[in-house]
Each structure stands twice: as structure tokens, then as C-alpha cells.
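Beneath this line is the structure, given in C-alpha cells, with notes to follow.
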Amino acid sequence: MAITFEQVRTNEEIRAYIRHADESLKALGYTEHSLAHVTKCAVLAGSIMRETGHDEREAELASIAAFLHDIGNMINRNGHERSGAMMAFGLLRDLGCDPDDVATVITAIGHHDESTAFPVNDVAAALILADKTDVRSTRVRNKDTILFDIHDRVNFAVKESDVTVDTEKGEISLTLTIDTSVSTISEYFEIFMGRMILCRRAAERLNMHFSLVINGQVMM
Ligand SMILES: [Fe+2]
Ligand SMILES: [Fe+2]
């Protein structure tokens, strides 16, 4: 059966696991990884697929993968891409999802964490781009930590963040406005360089270039 993103998004069991996964990350001091993060990723991953010429089914699969991608944090942050893929395997099979679709989705989830990420298929590429470009001040839970936590400081410094797909130029761009009185641009790179290189690889998988613009300057 062809499972839809709407079925996954409104599934109460899945939503409960996403909330619990985020509670563990909150206890560990991580930025927000809850429904706000995964819904934003799902919408963006679907639109990246549509705008890069993929059909509606492939776009739906990217949204499903993105909605489920951080669910494994409920088990442990370490290896959450693998535990999340296994959880998604069970959840999607319970919903009667086609085996080919299950495979595409869990492959993408299993390859999204920075430590082992790789755009092994187009859905994985869209997920990497959607996940790694979600930087925003609203992901910081506790503003008191920005003085000593570089991750919080860098996220908090992002005042505006926008991802655009320009099919004519063949370019996917992340455009950021950073408050440099909160965090320097070099701090941003210290934290996000690996993620930006992944975005470049993911864009290439989709036959696009990746560009990063910070405070009006083209950085890559
Ligand atoms: Fe993740
Ligand atoms: Fe994520």
C-alpha cells in the first residue's frame, strides 16, 4: 500500500515517539528536535524533491523520511540514525507500506546523521539538505546557555534562515542573517562546516549546486 505523508504525520503513535525522543534530547542539553523540527524538515524535503523534478510519490517518501528521521533519539542519541531506521521499519510495515517504499525511507534515515551521512539515494539527499539547514534561534531551549554552549550560541545568532531552490541556476541556497554580536561567522563554520559539505554532496546527488550566503556574502 502507498502510505501518505499525511497518514504518518497524523499517526498518534509516531507523534508520541517523536515527543519522547525530543524529551531525551532536552535532558541531554540538545537543541529542539521535536515536531517543529521534523515537520519543517518534512515540508522542505518534499518541496526540494518536487522542485528538482521528482514525482509526487518520491516527494511524499522524502517527507515521510524527514518526519521520522530523528525518532531513534528516543532510544539513544548515539546511533539514533540506525535505531530510528529500525523503528521506522516496524512502524511503516505496521501501516502496510510497500517494501520498496520502506527500503527507500529507512535507507535515508540510516544515512542522515553527520557522523556517517551520505546521500545514497535522492530521498536521503533531500533529507540531508532539509535537516542540516534547519538552523534558527527558536531551536535554542534555554537562552542562559548561549554564553558557554557554542551550539546554542550559533543557533541563537541566526535571525533569519531561508532555503531556496533555483532550478534555472541549478542551485539550492541557504541564506542566513546572523547577529554577529551573539556569535561570529567563524563560530558558525566551526559548528556547521561538516554539515555544509554534506549539503553540497546532497545537492550534487540531485544534480544541483549548494550555496551558502551569510549576511549577504557568498561563503560557498
Ligand atoms: Fe538526527
Ligand atoms: Fe534532525
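All residue names refer to the C-alpha cells as shown: chains lettered A, B, ... in order, residues numbered from 1 in each chain, ligands numbered from 1 in order.
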
Each stretch 82-195 of chain A residue no farther than 9 Å from stretch 2-8 of chain A, nearest pair in Å, only C-alpha atoms, as a tab-separated table:
residue	atom	partner	partner_atom	distance
A:Leu92	CA	A:Ile3	CA	8.1
A:Leu95	CA	A:Ile3	CA	7.4
A:Gly96	CA	A:Ile3	CA	7.6
A:Cys97	CA	A:Ile3	CA	5.6
A:Asp98	CA	A:Ala2	CA	6.2
A:Asp101	CA	A:Ala2	CA	7.9

Checklist line | Surrounding residues as a list in words, ligand 2, max 7 Å, only C-alpha atoms and all ligand atoms | finding: His33, His37, Val38, His69, Asp70 and Asp131 of chain A

Residues from last step as file, N, CA and C atoms, as an mmCIF file, in the first residue's frame:
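Okay, again.cif is ready:
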data_model
loop_
_atom_site.group_PDB
_atom_site.id
_atom_site.type_symbol
_atom_site.label_atom_id
_atom_site.label_comp_id
_atom_site.auth_asym_id
_atom_site.auth_seq_id
_atom_site.Cartn_x
_atom_site.Cartn_y
_atom_site.Cartn_z
ATOM 1 N N HIS A 33 14.420 19.157 18.782
ATOM 2 C CA HIS A 33 14.323 18.151 17.702
ATOM 3 C C HIS A 33 12.905 17.577 17.671
ATOM 4 N N HIS A 37 10.805 20.695 14.407
ATOM 5 C CA HIS A 37 11.960 20.368 13.554
ATOM 6 C C HIS A 37 11.586 19.364 12.467
ATOM 7 N N VAL A 38 10.940 18.273 12.845
ATOM 8 C CA VAL A 38 10.700 17.220 11.838
ATOM 9 C C VAL A 38 9.614 17.628 10.835
ATOM 10 N N HIS A 69 12.848 10.983 10.814
ATOM 11 C CA HIS A 69 14.299 10.784 10.829
ATOM 12 C C HIS A 69 14.947 10.829 12.217
ATOM 13 N N ASP A 70 14.366 11.555 13.170
ATOM 14 C CA ASP A 70 15.015 11.684 14.480
ATOM 15 C C ASP A 70 14.342 10.855 15.576
ATOM 16 N N ASP A 131 17.448 18.630 6.822
ATOM 17 C CA ASP A 131 17.861 18.510 8.225
ATOM 18 C C ASP A 131 19.009 19.467 8.558
#

Next item on the list: Around ligand 1, at most 12 Å away and counting only C-alpha atoms and all ligand atoms, which residues are there? Put them as JSON, numbers by chain, please.
Entry: {"A": [18, 21, 22, 25, 30, 31, 32, 33, 34, 37, 38, 41, 65, 66, 67, 68, 69, 70, 71, 72, 73, 74, 76, 77, 78, 79, 80, 81, 82, 83, 84, 85, 108, 109, 110, 111, 112, 113, 114, 115, 116, 117, 127, 128, 130, 131, 132, 134, 195]}

Can you write just those residues out, C-alpha atoms, as a PDB file, in the first residue's frame?
ATOM      1  CA  ILE A  18       8.818  11.967  18.336  1.00  0.00           C
ATOM      2  CA  ALA A  21      12.727  11.380  21.519  1.00  0.00           C
ATOM      3  CA  ASP A  22      12.858  15.143  21.958  1.00  0.00           C
ATOM      4  CA  LEU A  25      17.465  15.281  23.839  1.00  0.00           C
ATOM      5  CA  TYR A  30      20.428  19.380  22.774  1.00  0.00           C
ATOM      6  CA  THR A  31      18.544  21.923  20.694  1.00  0.00           C
ATOM      7  CA  GLU A  32      14.877  21.313  19.775  1.00  0.00           C
ATOM      8  CA  HIS A  33      14.323  18.151  17.702  1.00  0.00           C
ATOM      9  CA  SER A  34      10.572  17.841  18.202  1.00  0.00           C
ATOM     10  CA  HIS A  37      11.960  20.368  13.554  1.00  0.00           C
ATOM     11  CA  VAL A  38      10.700  17.220  11.838  1.00  0.00           C
ATOM     12  CA  CYS A  41      12.207  19.099   7.513  1.00  0.00           C
ATOM     13  CA  ALA A  65      11.606  10.005   5.901  1.00  0.00           C
ATOM     14  CA  ALA A  66      12.121  13.542   7.199  1.00  0.00           C
ATOM     15  CA  PHE A  67       9.194  13.312   9.612  1.00  0.00           C
ATOM     16  CA  LEU A  68      10.565  10.052  11.061  1.00  0.00           C
ATOM     17  CA  HIS A  69      14.299  10.784  10.829  1.00  0.00           C
ATOM     18  CA  ASP A  70      15.015  11.684  14.480  1.00  0.00           C
ATOM     19  CA  ILE A  71      12.679   9.177  16.138  1.00  0.00           C
ATOM     20  CA  GLY A  72      15.634   6.976  17.221  1.00  0.00           C
ATOM     21  CA  ASN A  73      16.716   9.633  19.720  1.00  0.00           C
ATOM     22  CA  MET A  74      14.085   8.056  21.976  1.00  0.00           C
ATOM     23  CA  ASN A  76      19.763   6.897  22.439  1.00  0.00           C
ATOM     24  CA  ARG A  77      21.395   9.847  20.704  1.00  0.00           C
ATOM     25  CA  ASN A  78      24.306   7.612  19.759  1.00  0.00           C
ATOM     26  CA  GLY A  79      23.348   5.603  16.711  1.00  0.00           C
ATOM     27  CA  HIS A  80      19.934   7.296  16.530  1.00  0.00           C
ATOM     28  CA  GLU A  81      20.008   7.079  12.735  1.00  0.00           C
ATOM     29  CA  ARG A  82      20.186   3.259  12.980  1.00  0.00           C
ATOM     30  CA  SER A  83      17.710   2.805  15.807  1.00  0.00           C
ATOM     31  CA  GLY A  84      15.416   5.313  14.082  1.00  0.00           C
ATOM     32  CA  ALA A  85      15.621   3.394  10.813  1.00  0.00           C
ATOM     33  CA  ALA A 108      17.541   7.680   4.035  1.00  0.00           C
ATOM     34  CA  ILE A 109      17.026   7.747   7.819  1.00  0.00           C
ATOM     35  CA  GLY A 110      20.009   5.440   8.348  1.00  0.00           C
ATOM     36  CA  HIS A 111      22.253   7.822   6.380  1.00  0.00           C
ATOM     37  CA  HIS A 112      21.236  11.186   7.847  1.00  0.00           C
ATOM     38  CA  ASP A 113      23.479  11.532  10.916  1.00  0.00           C
ATOM     39  CA  GLU A 114      26.535  13.693  10.284  1.00  0.00           C
ATOM     40  CA  SER A 115      28.949  11.014  11.532  1.00  0.00           C
ATOM     41  CA  THR A 116      28.030   8.525   8.770  1.00  0.00           C
ATOM     42  CA  ALA A 117      25.714  10.518   6.489  1.00  0.00           C
ATOM     43  CA  LEU A 127      16.570  14.663   3.930  1.00  0.00           C
ATOM     44  CA  ILE A 128      20.201  15.725   4.483  1.00  0.00           C
ATOM     45  CA  ALA A 130      16.340  19.687   4.939  1.00  0.00           C
ATOM     46  CA  ASP A 131      17.861  18.510   8.225  1.00  0.00           C
ATOM     47  CA  LYS A 132      21.254  20.222   8.052  1.00  0.00           C
ATOM     48  CA  ASP A 134      17.413  23.860   9.957  1.00  0.00           C
ATOM     49  CA  ARG A 195      27.009  19.901   7.635  1.00  0.00           C
TER      50      ARG A 195
END

Next item on the list: Would you kindly return, as a VMD selection string, each protein, DNA or RNA residue with an atom no farther than 10 Å from any atom of A:Gly29, considering only C-alpha atoms and excluding same-chain residues fewer than 5 positions away?
Entry: chain A and resid 23 to 24 140 to 142 145 149 152

Please, could you write that set of residues out with N, CA and C atoms as a PDB file, in the first residue's frame?
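Output file selection_24.pdb follows:
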ATOM      1  N   GLU A  23      12.238  14.713  24.269  1.00  0.00           N
ATOM      2  CA  GLU A  23      12.398  14.862  25.727  1.00  0.00           C
ATOM      3  C   GLU A  23      13.776  14.349  26.162  1.00  0.00           C
ATOM      4  N   SER A  24      14.221  13.229  25.565  1.00  0.00           N
ATOM      5  CA  SER A  24      15.557  12.714  25.894  1.00  0.00           C
ATOM      6  C   SER A  24      16.624  13.721  25.486  1.00  0.00           C
ATOM      7  N   VAL A 140      16.807  26.915  20.198  1.00  0.00           N
ATOM      8  CA  VAL A 140      17.521  27.030  21.481  1.00  0.00           C
ATOM      9  C   VAL A 140      16.488  27.029  22.606  1.00  0.00           C
ATOM     10  N   ARG A 141      16.644  26.104  23.551  1.00  0.00           N
ATOM     11  CA  ARG A 141      15.619  25.962  24.605  1.00  0.00           C
ATOM     12  C   ARG A 141      15.867  26.890  25.785  1.00  0.00           C
ATOM     13  N   ASN A 142      17.161  27.137  26.050  1.00  0.00           N
ATOM     14  CA  ASN A 142      17.484  27.889  27.250  1.00  0.00           C
ATOM     15  C   ASN A 142      18.493  28.984  26.900  1.00  0.00           C
ATOM     16  N   THR A 145      22.131  29.491  28.253  1.00  0.00           N
ATOM     17  CA  THR A 145      23.273  28.646  27.908  1.00  0.00           C
ATOM     18  C   THR A 145      24.117  29.229  26.770  1.00  0.00           C
ATOM     19  N   ASP A 149      27.620  27.581  25.603  1.00  0.00           N
ATOM     20  CA  ASP A 149      27.338  26.469  24.686  1.00  0.00           C
ATOM     21  C   ASP A 149      27.366  26.999  23.256  1.00  0.00           C
ATOM     22  N   ASP A 152      24.279  26.293  21.014  1.00  0.00           N
ATOM     23  CA  ASP A 152      23.152  27.175  21.321  1.00  0.00           C
ATOM     24  C   ASP A 152      23.432  28.591  20.818  1.00  0.00           C
TER      25      ASP A 152
END

Notebook entry, point to check: Looking at A:Met87, A:Val123, A:Glu168, A:Arg19, which one is nearest to A:Arg57, with distances taken over only C-alpha atoms?
Noted result: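 The answer is A:Val123, which sits nearest to A:Arg57.
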
Next item on the list: Could you tell me how far atom CA of A:Thr138 lies from atom CA of A:Ala157, in Å and to one decimal?
Entry: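 Atom CA of A:Ala157 lies 10.3 Å from atom CA of A:Thr138.
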
Margin query: Among chain A, which residues does DSSP mark as strand (DSSP E or B) when it is run on the backbone? Keep the chain and numbering as in the structure and answer as a PyMOL selection string.
Written below: chain A and resi 158-166+171-178+209-214+217-218

If you keep C-alpha atoms, can you produce a file of those selected residues as a compact mmCIF listing (two decimals), in the first residue's frame?
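Here's the written file part-v7.txt:
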# COMPACT_ATOMS: atom_id res chain seq x y z
CA VAL A 158 20.55 33.11 13.38
CA LYS A 159 17.92 35.80 12.95
CA GLU A 160 16.68 34.72 9.52
CA SER A 161 17.13 31.48 7.63
CA ASP A 162 15.81 30.61 4.20
CA VAL A 163 16.33 27.69 1.81
CA THR A 164 15.55 28.28 -1.86
CA VAL A 165 15.72 26.05 -4.92
CA ASP A 166 16.56 27.86 -8.17
CA GLU A 171 21.23 25.91 -7.17
CA ILE A 172 19.95 25.15 -3.69
CA SER A 173 20.81 28.02 -1.35
CA LEU A 174 20.81 28.52 2.38
CA THR A 175 20.65 32.22 3.15
CA LEU A 176 21.29 33.25 6.76
CA THR A 177 21.23 36.51 8.65
CA ILE A 178 23.49 36.13 11.67
CA HIS A 209 24.93 23.12 -6.60
CA PHE A 210 24.74 24.17 -2.96
CA SER A 211 25.40 27.73 -1.95
CA LEU A 212 25.62 29.33 1.48
CA VAL A 213 25.07 33.05 1.89
CA ILE A 214 25.69 34.66 5.29
CA GLN A 217 28.22 37.24 1.48
CA VAL A 218 28.52 34.10 -0.62

Note to self: Quick one: residues within 12 Å of A:Glu51, only C-alpha atoms, excluding same-chain residues fewer than 4 positions away - as an MDAnalysis selection string?
What the structure shows: chainID A and resid 44:47 55:56 58:59 126 164:168 170:172 206:208

Emit the selected residues as a JSON list (two decimals), in the first residue's frame, including N, CA and C atoms.
[["chain", "number", "residue", "atom", "x", "y", "z"],
["A", 44, "LEU", "N", 10.15, 20.79, 3.76],
["A", 44, "LEU", "CA", 11.26, 21.21, 2.89],
["A", 44, "LEU", "C", 11.77, 20.05, 2.03],
["A", 45, "ALA", "N", 11.91, 18.86, 2.62],
["A", 45, "ALA", "CA", 12.40, 17.71, 1.85],
["A", 45, "ALA", "C", 11.45, 17.41, 0.68],
["A", 46, "GLY", "N", 10.15, 17.48, 0.93],
["A", 46, "GLY", "CA", 9.17, 17.25, -0.14],
["A", 46, "GLY", "C", 9.29, 18.31, -1.22],
["A", 47, "SER", "N", 9.45, 19.55, -0.82],
["A", 47, "SER", "CA", 9.50, 20.59, -1.84],
["A", 47, "SER", "C", 10.82, 20.56, -2.62],
["A", 55, "ASP", "N", 8.91, 12.90, -8.92],
["A", 55, "ASP", "CA", 7.45, 12.81, -8.96],
["A", 55, "ASP", "C", 6.86, 12.91, -7.55],
["A", 56, "GLU", "N", 5.54, 12.99, -7.51],
["A", 56, "GLU", "CA", 4.84, 13.23, -6.25],
["A", 56, "GLU", "C", 5.09, 12.12, -5.24],
["A", 58, "GLU", "N", 7.83, 10.24, -4.91],
["A", 58, "GLU", "CA", 9.18, 10.41, -4.34],
["A", 58, "GLU", "C", 9.20, 11.57, -3.34],
["A", 59, "ALA", "N", 8.44, 12.61, -3.65],
["A", 59, "ALA", "CA", 8.36, 13.76, -2.72],
["A", 59, "ALA", "C", 7.70, 13.33, -1.41],
["A", 126, "ALA", "N", 17.61, 14.70, -0.13],
["A", 126, "ALA", "CA", 16.64, 15.73, 0.27],
["A", 126, "ALA", "C", 16.55, 15.82, 1.79],
["A", 164, "THR", "N", 16.24, 28.11, -0.58],
["A", 164, "THR", "CA", 15.55, 28.28, -1.86],
["A", 164, "THR", "C", 16.14, 27.32, -2.89],
["A", 165, "VAL", "N", 15.29, 26.92, -3.81],
["A", 165, "VAL", "CA", 15.72, 26.05, -4.92],
["A", 165, "VAL", "C", 15.52, 26.85, -6.21],
["A", 166, "ASP", "N", 16.63, 27.13, -6.91],
["A", 166, "ASP", "CA", 16.56, 27.86, -8.17],
["A", 166, "ASP", "C", 16.89, 26.86, -9.28],
["A", 167, "THR", "N", 15.84, 26.38, -9.95],
["A", 167, "THR", "CA", 16.06, 25.32, -10.95],
["A", 167, "THR", "C", 16.78, 25.87, -12.18],
["A", 168, "GLU", "N", 16.57, 27.16, -12.49],
["A", 168, "GLU", "CA", 17.24, 27.73, -13.66],
["A", 168, "GLU", "C", 18.75, 27.80, -13.45],
["A", 170, "GLY", "N", 20.21, 25.98, -11.20],
["A", 170, "GLY", "CA", 20.63, 24.67, -10.70],
["A", 170, "GLY", "C", 21.24, 24.78, -9.30],
["A", 171, "GLU", "N", 20.62, 25.61, -8.46],
["A", 171, "GLU", "CA", 21.23, 25.91, -7.17],
["A", 171, "GLU", "C", 20.23, 25.81, -6.01],
["A", 172, "ILE", "N", 20.70, 25.16, -4.95],
["A", 172, "ILE", "CA", 19.95, 25.15, -3.69],
["A", 172, "ILE", "C", 20.74, 26.04, -2.73],
["A", 206, "LEU", "N", 21.43, 15.50, -6.42],
["A", 206, "LEU", "CA", 20.21, 15.95, -7.10],
["A", 206, "LEU", "C", 20.53, 16.81, -8.33],
["A", 207, "ASN", "N", 21.81, 16.73, -8.77],
["A", 207, "ASN", "CA", 22.28, 17.49, -9.94],
["A", 207, "ASN", "C", 22.13, 19.00, -9.75],
["A", 208, "MET", "N", 22.38, 19.44, -8.53],
["A", 208, "MET", "CA", 22.31, 20.87, -8.21],
["A", 208, "MET", "C", 23.62, 21.28, -7.52]]

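Across A:Lys26, A:Arg200, A:Arg15, A:Arg93, the tightest approach to A:Pro119 is made by A:Arg200 when counting only C-alpha atoms.
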
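When only C-alpha atoms are used to compute distances to A:His20, the closest of the residues A:Ile75, A:Met219, A:Cys199, A:Met1 turns out to be A:Ile75.
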
Next item on the list: Could you give me the residues within stretch 89-148 of chain A that DSSP places in alpha helix (DSSP H), as a ChimeraX atom specification?
Entry: /A:89-94,99-110,122-132

Item checked: Nearest candidate to A:Phe192 (options A:Ala124, A:Leu91, A:Val154, A:Ile106; using only C-alpha atoms) -> A:Val154
